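For reference, data18.txt (compact mmCIF, C-alpha atoms):
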# COMPACT_ATOMS: atom_id res chain seq x y z
CA MET A 1 20.62 -39.63 91.87
CA SER A 2 17.06 -40.08 90.71
CA TRP A 3 15.87 -43.17 88.86
CA ARG A 4 13.59 -41.18 86.57
CA ALA A 5 13.76 -41.21 82.81
CA SER A 6 14.92 -37.60 82.90
CA SER A 7 18.12 -38.51 84.72
CA GLY A 8 19.23 -40.56 81.74
CA LEU A 9 20.44 -43.35 84.01
CA ARG A 10 17.61 -45.67 83.01
CA SER A 11 18.24 -45.00 79.32
CA TRP A 12 21.96 -45.53 79.83
CA LEU A 13 21.38 -48.94 81.46
CA MET A 14 18.68 -49.94 78.94
CA GLN A 15 21.03 -49.08 76.06
CA ARG A 16 23.68 -51.43 77.43
CA LEU A 17 21.33 -54.29 78.35
CA THR A 18 19.68 -54.20 74.91
CA ALA A 19 23.13 -54.01 73.27
CA LEU A 20 24.19 -57.16 75.12
CA TYR A 21 21.09 -59.07 74.06
CA ILE A 22 21.43 -57.90 70.44
CA VAL A 23 25.07 -59.01 70.23
CA ILE A 24 24.39 -62.36 71.89
CA PHE A 25 21.40 -62.99 69.61
CA LEU A 26 23.41 -62.08 66.49
CA ALA A 27 26.25 -64.37 67.59
CA VAL A 28 23.85 -67.30 68.11
CA PHE A 29 22.12 -66.49 64.81
CA ALA A 30 25.45 -66.48 62.96
CA PHE A 31 26.41 -69.74 64.67
CA VAL A 32 23.13 -71.40 63.66
CA TRP A 33 22.99 -70.17 60.05
CA GLY A 34 26.63 -69.42 59.19
CA GLY A 35 27.95 -71.43 56.25
CA GLN A 36 24.62 -73.17 55.73
CA ALA A 37 22.48 -73.17 52.61
CA ILE A 38 19.13 -71.68 53.63
CA THR A 39 15.92 -72.95 52.05
CA PHE A 40 12.46 -71.48 52.47
CA GLU A 41 11.34 -74.54 54.45
CA SER A 42 14.27 -74.60 56.88
CA TRP A 43 14.13 -70.80 57.36
CA ARG A 44 10.40 -70.76 58.04
CA ALA A 45 10.55 -73.82 60.29
CA TRP A 46 13.29 -72.18 62.35
CA VAL A 47 11.35 -68.93 62.75
CA ALA A 48 8.22 -70.93 63.69
CA HIS A 49 10.01 -72.85 66.44
CA PRO A 50 8.81 -71.43 69.78
CA ALA A 51 12.32 -70.86 71.16
CA ALA A 52 13.52 -69.02 68.05
CA ASN A 53 10.20 -67.18 67.71
CA ILE A 54 10.37 -65.83 71.26
CA ALA A 55 14.10 -65.03 70.92
CA LEU A 56 13.26 -63.12 67.73
CA LEU A 57 10.41 -61.20 69.38
CA LEU A 58 12.74 -60.25 72.23
CA PHE A 59 15.37 -59.26 69.65
CA VAL A 60 12.92 -56.95 67.88
CA PHE A 61 11.96 -55.35 71.19
CA ALA A 62 15.64 -54.90 72.18
CA LEU A 63 16.52 -53.51 68.75
CA LEU A 64 13.68 -50.99 68.74
CA MET A 65 14.48 -49.83 72.30
CA HIS A 66 18.14 -49.50 71.35
CA ALA A 67 17.30 -47.61 68.15
CA TRP A 68 14.92 -45.31 70.03
CA ILE A 69 17.39 -44.36 72.78
CA GLY A 70 20.30 -43.93 70.35
CA GLY A 71 18.29 -42.10 67.69
CA ARG A 72 16.64 -39.86 70.28
CA ASP A 73 20.07 -38.85 71.62
CA VAL A 74 21.26 -38.01 68.11
CA VAL A 75 18.16 -35.93 67.34
CA ILE A 76 18.33 -34.10 70.69
CA ASP A 77 22.03 -33.35 70.16
CA TYR A 78 21.89 -32.01 66.61
CA VAL A 79 18.42 -30.60 65.98
CA LYS A 80 18.40 -27.21 67.64
CA SER A 81 14.92 -25.98 66.76
CA ALA A 82 12.49 -27.26 69.40
CA SER A 83 9.54 -27.60 67.02
CA THR A 84 11.56 -29.50 64.39
CA ARG A 85 12.95 -31.70 67.16
CA TYR A 86 9.50 -32.61 68.47
CA VAL A 87 8.15 -33.35 65.01
CA LEU A 88 11.21 -35.48 64.20
CA LEU A 89 10.96 -37.41 67.49
CA ILE A 90 7.24 -38.06 66.98
CA VAL A 91 7.82 -39.28 63.40
CA PHE A 92 10.74 -41.40 64.62
CA ALA A 93 8.76 -42.95 67.47
CA LEU A 94 5.81 -43.59 65.16
CA GLY A 95 8.11 -45.16 62.56
CA LEU A 96 9.72 -47.48 65.11
CA GLY A 97 6.27 -48.39 66.46
CA ILE A 98 5.10 -49.32 62.98
CA MET A 99 8.28 -51.36 62.39
CA GLY A 100 7.64 -53.18 65.68
CA LEU A 101 3.99 -53.98 64.95
CA TRP A 102 4.80 -55.02 61.40
CA THR A 103 7.54 -57.39 62.60
CA LEU A 104 5.29 -58.71 65.36
CA ARG A 105 2.70 -59.56 62.70
CA ILE A 106 5.33 -61.25 60.49
CA LEU A 107 6.73 -63.33 63.33
CA LEU A 108 3.36 -64.37 64.74
CA LEU A 109 2.05 -65.29 61.27
CA ALA A 110 5.18 -67.35 60.58
CA GLY A 111 4.88 -68.89 64.04
CA THR A 112 1.33 -70.13 63.51
CA GLY A 113 1.28 -70.83 59.77
CA MET B 114 13.58 -17.88 73.69
CA SER B 115 16.05 -17.37 76.50
CA ALA B 116 18.98 -14.99 76.32
CA THR B 117 21.42 -17.89 76.42
CA ASP B 118 20.48 -18.73 72.84
CA ASN B 119 22.50 -15.72 71.71
CA ARG B 120 25.71 -17.09 73.12
CA PRO B 121 28.40 -17.10 70.43
CA VAL B 122 29.51 -20.50 69.19
CA PHE B 123 32.96 -20.79 67.68
CA LEU B 124 32.93 -24.50 66.99
CA ASN B 125 33.57 -25.40 63.38
CA LEU B 126 33.80 -29.16 63.32
CA LEU B 127 35.51 -29.14 59.91
CA ARG B 128 38.38 -27.00 61.20
CA ILE B 129 39.07 -29.07 64.28
CA ARG B 130 41.46 -31.99 63.88
CA GLN B 131 39.50 -34.66 65.71
CA PRO B 132 41.32 -37.15 67.91
CA VAL B 133 40.80 -40.76 66.81
CA MET B 134 38.54 -41.41 69.83
CA ALA B 135 36.18 -38.66 68.67
CA VAL B 136 36.08 -40.23 65.21
CA VAL B 137 35.07 -43.57 66.78
CA SER B 138 32.29 -41.75 68.61
CA ILE B 139 30.94 -39.97 65.54
CA PHE B 140 31.19 -43.13 63.42
CA HIS B 141 29.21 -44.93 66.14
CA ARG B 142 26.45 -42.38 65.60
CA ILE B 143 26.65 -42.43 61.80
CA SER B 144 26.58 -46.24 61.67
CA GLY B 145 23.66 -46.29 64.10
CA VAL B 146 21.66 -43.82 62.02
CA LEU B 147 22.47 -45.79 58.84
CA MET B 148 21.12 -48.98 60.40
CA ILE B 149 17.99 -47.21 61.68
CA LEU B 150 17.36 -45.92 58.14
CA SER B 151 17.69 -49.44 56.74
CA LEU B 152 15.11 -50.88 59.19
CA PRO B 153 12.08 -50.54 56.88
CA GLY B 154 13.96 -52.33 54.09
CA LEU B 155 15.05 -55.11 56.43
CA VAL B 156 11.53 -55.66 57.77
CA TYR B 157 10.25 -55.71 54.19
CA LEU B 158 12.83 -58.39 53.26
CA LEU B 159 12.01 -60.41 56.40
CA ASN B 160 8.32 -60.32 55.48
CA LEU B 161 9.03 -61.34 51.89
CA SER B 162 11.40 -64.16 52.89
CA LEU B 163 8.81 -65.70 55.22
CA SER B 164 5.68 -65.15 53.13
CA ASN B 165 6.03 -67.98 50.56
CA GLN B 166 8.43 -69.83 48.23
CA ALA B 167 8.25 -67.12 45.58
CA GLY B 168 8.95 -64.35 48.11
CA PHE B 169 11.92 -66.26 49.49
CA ALA B 170 13.28 -66.76 45.96
CA GLN B 171 12.81 -63.05 45.32
CA VAL B 172 14.94 -62.19 48.37
CA SER B 173 17.64 -64.67 47.30
CA GLY B 174 17.53 -63.11 43.84
CA LEU B 175 18.03 -59.64 45.30
CA LEU B 176 21.20 -60.86 47.00
CA THR B 177 22.78 -61.34 43.56
CA SER B 178 22.20 -57.76 42.39
CA PRO B 179 25.34 -55.55 42.49
CA VAL B 180 23.53 -52.55 43.99
CA PHE B 181 22.20 -54.70 46.79
CA LYS B 182 25.67 -56.18 47.37
CA VAL B 183 27.17 -52.71 47.81
CA LEU B 184 24.38 -51.81 50.26
CA ALA B 185 24.99 -55.08 52.14
CA VAL B 186 28.72 -54.32 52.45
CA LEU B 187 27.94 -50.79 53.69
CA PHE B 188 25.53 -52.27 56.22
CA GLY B 189 28.20 -54.80 57.21
CA TRP B 190 30.63 -51.98 57.92
CA ALA B 191 28.03 -50.10 59.98
CA LEU B 192 27.20 -53.19 62.04
CA ALA B 193 30.84 -54.19 62.56
CA HIS B 194 31.93 -50.68 63.56
CA HIS B 195 28.88 -50.16 65.77
CA ILE B 196 29.44 -53.41 67.68
CA LEU B 197 33.22 -52.96 68.07
CA ALA B 198 32.84 -49.33 69.19
CA GLY B 199 30.02 -50.41 71.50
CA ILE B 200 32.26 -53.02 73.13
CA ARG B 201 34.93 -50.33 73.53
CA PHE B 202 32.42 -47.97 75.20
CA MET B 203 31.37 -50.72 77.60
CA LEU B 204 35.01 -51.40 78.52
CA LEU B 205 35.38 -47.66 79.16
CA ASP B 206 32.28 -47.84 81.40
CA PHE B 207 34.23 -50.30 83.54
CA ASP B 208 37.29 -48.02 83.53
CA LEU B 209 39.16 -50.45 81.26
CA ALA B 210 41.63 -48.93 78.77
CA ILE B 211 40.57 -45.52 80.04
CA GLU B 212 44.00 -43.81 79.93
CA ARG B 213 44.75 -41.72 76.88
CA GLY B 214 47.38 -44.00 75.37
CA ALA B 215 45.32 -47.16 75.79
CA ALA B 216 42.08 -45.42 74.73
CA ARG B 217 43.77 -44.21 71.55
CA LYS B 218 45.02 -47.73 70.81
CA THR B 219 41.57 -49.30 71.25
CA ALA B 220 40.06 -46.55 69.06
CA TRP B 221 42.44 -47.48 66.22
CA LEU B 222 41.63 -51.16 66.87
CA VAL B 223 37.92 -50.42 66.38
CA HIS B 224 38.54 -48.72 63.01
CA ALA B 225 40.95 -51.40 61.83
CA GLY B 226 38.78 -54.26 63.06
CA ALA B 227 35.69 -52.84 61.37
CA LEU B 228 37.59 -52.39 58.10
CA GLY B 229 39.00 -55.93 58.33
CA ILE B 230 35.57 -57.46 58.95
CA THR B 231 34.08 -55.37 56.13
CA LEU B 232 36.80 -56.53 53.69
CA TRP B 233 36.20 -60.15 54.67
CA PHE B 234 32.43 -59.67 54.30
CA ALA B 235 32.84 -57.89 50.95
CA GLY B 236 34.91 -60.83 49.69
CA LEU B 237 32.15 -63.16 50.83
CA VAL B 238 29.38 -61.11 49.22
CA PHE B 239 31.20 -60.60 45.91
CA GLY B 240 32.34 -64.21 45.78
CA VAL B 241 36.08 -63.56 46.03
CA TRP B 242 36.27 -66.35 48.59
CA PRO B 243 33.66 -69.01 49.54
Could you rewrite the structure in this file as structure tokens?
Amino acid sequence: MSWRASSGLRSWLMQRLTALYIVIFLAVFAFVWGGQAITFESWRAWVAHPAANIALLLFVFALLMHAWIGGRDVVIDYVKSASTRYVLLIVFALGLGIMGLWTLRILLLAGTG
Amino acid sequence: MSATDNRPVFLNLLRIRQPVMAVVSIFHRISGVLMILSLPGLVYLLNLSLSNQAGFAQVSGLLTSPVFKVLAVLFGWALAHHILAGIRFMLLDFDLAIERGAARKTAWLVHAGALGITLWFAGLVFGVWP
């Protein structure tokens, strides 16, 4: 068995590792904020805290990886025309990239401001 | 184009009675796609909520609009189903509940659990319970 991207094994493992991190992060997030009244100050202070900020950055990375692998599988499975498939995958990758950079900017700005 | 592209395909998904496990699988995909499509909106809301007081108030205000509440409940279903089905797939990876009877039971559990969580969440969002 090869450990190349084409074998799908790496994607398979990545999908599960990112899933685990996403679920653990969401559970901690729900535990921290569940049943609490959120104000702008407390919300922003939490996001600016280094531990939360880094956990959030990691969460964004995990989420985008997870979305890419899952979405790519769906596109590959259902879009039969090769040209449409390539265009869709490029738009999808670009869209996720923009989401990632945008969120990176938001989190870093909140972390320093 | 290769000759294999002319192979006849007789699959009509609408005429096949899908086993409950297959429905879990397709819902996992649908819920995943739904959440991907909502990403731009979520990033927009995150940006707004962290920008300043007014932006934060704007996001809180959105949460009271009925349209937004319905979208939130739909998103809640997608997330709940996606996570429960994902846990089920991971158990299957470890050969747990892999036999047909057990696999069917866990598939029903995923659907029921997702619906239960969604109902609870809907009650929370629409203020039926605190």
Give me, as JSON lines, each residue of chain B that comes within 12 Å of chain A, together with its shortest interatomic pair and the distance in Å at one decimal, counting all atoms listed in the file, with rows ordered by chain and rising residue number.
{"residue": "B:Met114", "atom": "CA", "partner": "A:Ala82", "partner_atom": "CA", "distance": 10.4}
{"residue": "B:Asp118", "atom": "CA", "partner": "A:Lys80", "partner_atom": "CA", "distance": 10.2}
{"residue": "B:Ser138", "atom": "CA", "partner": "A:Val74", "partner_atom": "CA", "distance": 11.7}
{"residue": "B:Ile139", "atom": "CA", "partner": "A:Val74", "partner_atom": "CA", "distance": 10.2}
{"residue": "B:His141", "atom": "CA", "partner": "A:Gly70", "partner_atom": "CA", "distance": 9.9}
{"residue": "B:Arg142", "atom": "CA", "partner": "A:Val74", "partner_atom": "CA", "distance": 7.2}
{"residue": "B:Ile143", "atom": "CA", "partner": "A:Val74", "partner_atom": "CA", "distance": 9.4}
{"residue": "B:Ser144", "atom": "CA", "partner": "A:Gly70", "partner_atom": "CA", "distance": 11.0}
{"residue": "B:Gly145", "atom": "CA", "partner": "A:Gly70", "partner_atom": "CA", "distance": 7.5}
{"residue": "B:Val146", "atom": "CA", "partner": "A:Gly71", "partner_atom": "CA", "distance": 6.8}
{"residue": "B:Leu147", "atom": "CA", "partner": "A:Gly71", "partner_atom": "CA", "distance": 10.5}
{"residue": "B:Met148", "atom": "CA", "partner": "A:Ala67", "partner_atom": "CA", "distance": 8.7}
{"residue": "B:Ile149", "atom": "CA", "partner": "A:Ala67", "partner_atom": "CA", "distance": 6.5}
{"residue": "B:Leu150", "atom": "CA", "partner": "A:Ala67", "partner_atom": "CA", "distance": 10.2}
{"residue": "B:Ser151", "atom": "CA", "partner": "A:Met99", "partner_atom": "CA", "distance": 11.1}
{"residue": "B:Leu152", "atom": "CA", "partner": "A:Met99", "partner_atom": "CA", "distance": 7.6}
{"residue": "B:Pro153", "atom": "CA", "partner": "A:Met99", "partner_atom": "CA", "distance": 6.7}
{"residue": "B:Gly154", "atom": "CA", "partner": "A:Met99", "partner_atom": "CA", "distance": 10.1}
{"residue": "B:Leu155", "atom": "CA", "partner": "A:Met99", "partner_atom": "CA", "distance": 9.8}
{"residue": "B:Val156", "atom": "CA", "partner": "A:Thr103", "partner_atom": "CA", "distance": 6.5}
{"residue": "B:Tyr157", "atom": "CA", "partner": "A:Thr103", "partner_atom": "CA", "distance": 9.0}
{"residue": "B:Leu158", "atom": "CA", "partner": "A:Thr103", "partner_atom": "CA", "distance": 10.8}
{"residue": "B:Leu159", "atom": "CA", "partner": "A:Ile106", "partner_atom": "CA", "distance": 7.9}
{"residue": "B:Asn160", "atom": "CA", "partner": "A:Ile106", "partner_atom": "CA", "distance": 5.9}
{"residue": "B:Leu161", "atom": "CA", "partner": "A:Ile106", "partner_atom": "CA", "distance": 9.4}
{"residue": "B:Ser162", "atom": "CA", "partner": "A:Phe40", "partner_atom": "CA", "distance": 7.4}
{"residue": "B:Leu163", "atom": "CA", "partner": "A:Arg44", "partner_atom": "CA", "distance": 6.0}
{"residue": "B:Ser164", "atom": "CA", "partner": "A:Ala110", "partner_atom": "CA", "distance": 7.8}
{"residue": "B:Asn165", "atom": "CA", "partner": "A:Phe40", "partner_atom": "CA", "distance": 7.6}
{"residue": "B:Gln166", "atom": "CA", "partner": "A:Phe40", "partner_atom": "CA", "distance": 6.1}
{"residue": "B:Ala167", "atom": "CA", "partner": "A:Phe40", "partner_atom": "CA", "distance": 9.2}
{"residue": "B:Gly168", "atom": "CA", "partner": "A:Phe40", "partner_atom": "CA", "distance": 9.1}
{"residue": "B:Phe169", "atom": "CA", "partner": "A:Phe40", "partner_atom": "CA", "distance": 6.0}
{"residue": "B:Ala170", "atom": "CA", "partner": "A:Phe40", "partner_atom": "CA", "distance": 8.1}
{"residue": "B:Gln171", "atom": "CA", "partner": "A:Phe40", "partner_atom": "CA", "distance": 11.1}
{"residue": "B:Val172", "atom": "CA", "partner": "A:Phe40", "partner_atom": "CA", "distance": 10.5}
{"residue": "B:Ser173", "atom": "CA", "partner": "A:Ile38", "partner_atom": "CA", "distance": 9.6}
{"residue": "B:Leu192", "atom": "CA", "partner": "A:Val23", "partner_atom": "CA", "distance": 10.3}
{"residue": "B:Ala193", "atom": "CA", "partner": "A:Val23", "partner_atom": "CA", "distance": 10.7}
{"residue": "B:His195", "atom": "CA", "partner": "A:Ala19", "partner_atom": "CA", "distance": 10.2}
{"residue": "B:Ile196", "atom": "CA", "partner": "A:Val23", "partner_atom": "CA", "distance": 7.5}
{"residue": "B:Leu197", "atom": "CA", "partner": "A:Val23", "partner_atom": "CA", "distance": 10.4}
{"residue": "B:Ala198", "atom": "CA", "partner": "A:Ala19", "partner_atom": "CA", "distance": 11.5}
{"residue": "B:Gly199", "atom": "CA", "partner": "A:Ala19", "partner_atom": "CA", "distance": 8.0}
{"residue": "B:Ile200", "atom": "CA", "partner": "A:Ala19", "partner_atom": "CA", "distance": 9.2}
{"residue": "B:Arg201", "atom": "CA", "partner": "A:Arg16", "partner_atom": "CA", "distance": 12.0}
{"residue": "B:Phe202", "atom": "CA", "partner": "A:Arg16", "partner_atom": "CA", "distance": 9.7}
{"residue": "B:Met203", "atom": "CA", "partner": "A:Arg16", "partner_atom": "CA", "distance": 7.7}
{"residue": "B:Leu204", "atom": "CA", "partner": "A:Arg16", "partner_atom": "CA", "distance": 11.4}
{"residue": "B:Asp206", "atom": "CA", "partner": "A:Arg16", "partner_atom": "CA", "distance": 10.1}
{"residue": "B:Leu237", "atom": "CA", "partner": "A:Gly35", "partner_atom": "CA", "distance": 10.7}
{"residue": "B:Pro243", "atom": "CA", "partner": "A:Gly35", "partner_atom": "CA", "distance": 9.1}
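Reported to one decimal place, the separation of atom CA of B:Phe234 from atom CA of B:Leu187 is 10.0 Å.
The closest residue to B:Leu205, picked from B:Val241, B:Val183, B:Ala227, B:Met134 and counting only C-alpha atoms, is B:Met134.
Across the structure, atom CA of B:Pro179 and atom CA of B:Phe239 are spaced 8.5 Å apart.
When atom CA of A:Ala51 is paired with atom CA of A:Tyr21, their separation reads 15.0 Å.
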With all atoms listed in the file as the basis for distance, which of A:Ala93, A:Leu108, A:Ile24, A:Val75 is at the shortest distance from A:Ile54?
-> A:Leu108
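Each of A:Ala55, A:Val91, A:Ile69, A:Ala37 was compared to A:Gly8 using all atoms listed in the file, and A:Ile69 turns out to be the nearest.
Closest to A:Phe61 among A:Leu89, A:Leu9, A:Leu101, A:Ile76 is A:Leu101, based on only C-alpha atoms.
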For stretch 29-47 of chain A, write C-alpha atoms out as an mmCIF file, in the first residue's frame.
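Contents of selection-v1.cif, freshly written:
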data_model
loop_
_atom_site.group_PDB
_atom_site.id
_atom_site.type_symbol
_atom_site.label_atom_id
_atom_site.label_comp_id
_atom_site.auth_asym_id
_atom_site.auth_seq_id
_atom_site.Cartn_x
_atom_site.Cartn_y
_atom_site.Cartn_z
ATOM 1 C CA PHE A 29 -16.616 25.426 23.103
ATOM 2 C CA ALA A 30 -20.111 24.325 24.168
ATOM 3 C CA PHE A 31 -18.825 23.655 27.683
ATOM 4 C CA VAL A 32 -17.232 27.116 27.924
ATOM 5 C CA TRP A 33 -20.107 29.127 26.421
ATOM 6 C CA GLY A 34 -23.171 26.935 27.008
ATOM 7 C CA GLY A 35 -25.869 28.597 29.101
ATOM 8 C CA GLN A 36 -23.865 31.808 29.434
ATOM 9 C CA ALA A 37 -24.895 35.288 28.383
ATOM 10 C CA ILE A 38 -22.294 36.426 25.844
ATOM 11 C CA THR A 39 -21.253 40.073 25.699
ATOM 12 C CA PHE A 40 -19.032 41.688 23.092
ATOM 13 C CA GLU A 41 -16.275 42.202 25.675
ATOM 14 C CA SER A 42 -16.255 38.638 27.023
ATOM 15 C CA TRP A 43 -16.494 37.162 23.501
ATOM 16 C CA ARG A 44 -13.654 39.266 22.141
ATOM 17 C CA ALA A 45 -11.485 38.734 25.218
ATOM 18 C CA TRP A 46 -11.935 34.972 24.884
ATOM 19 C CA VAL A 47 -10.998 34.967 21.198
#
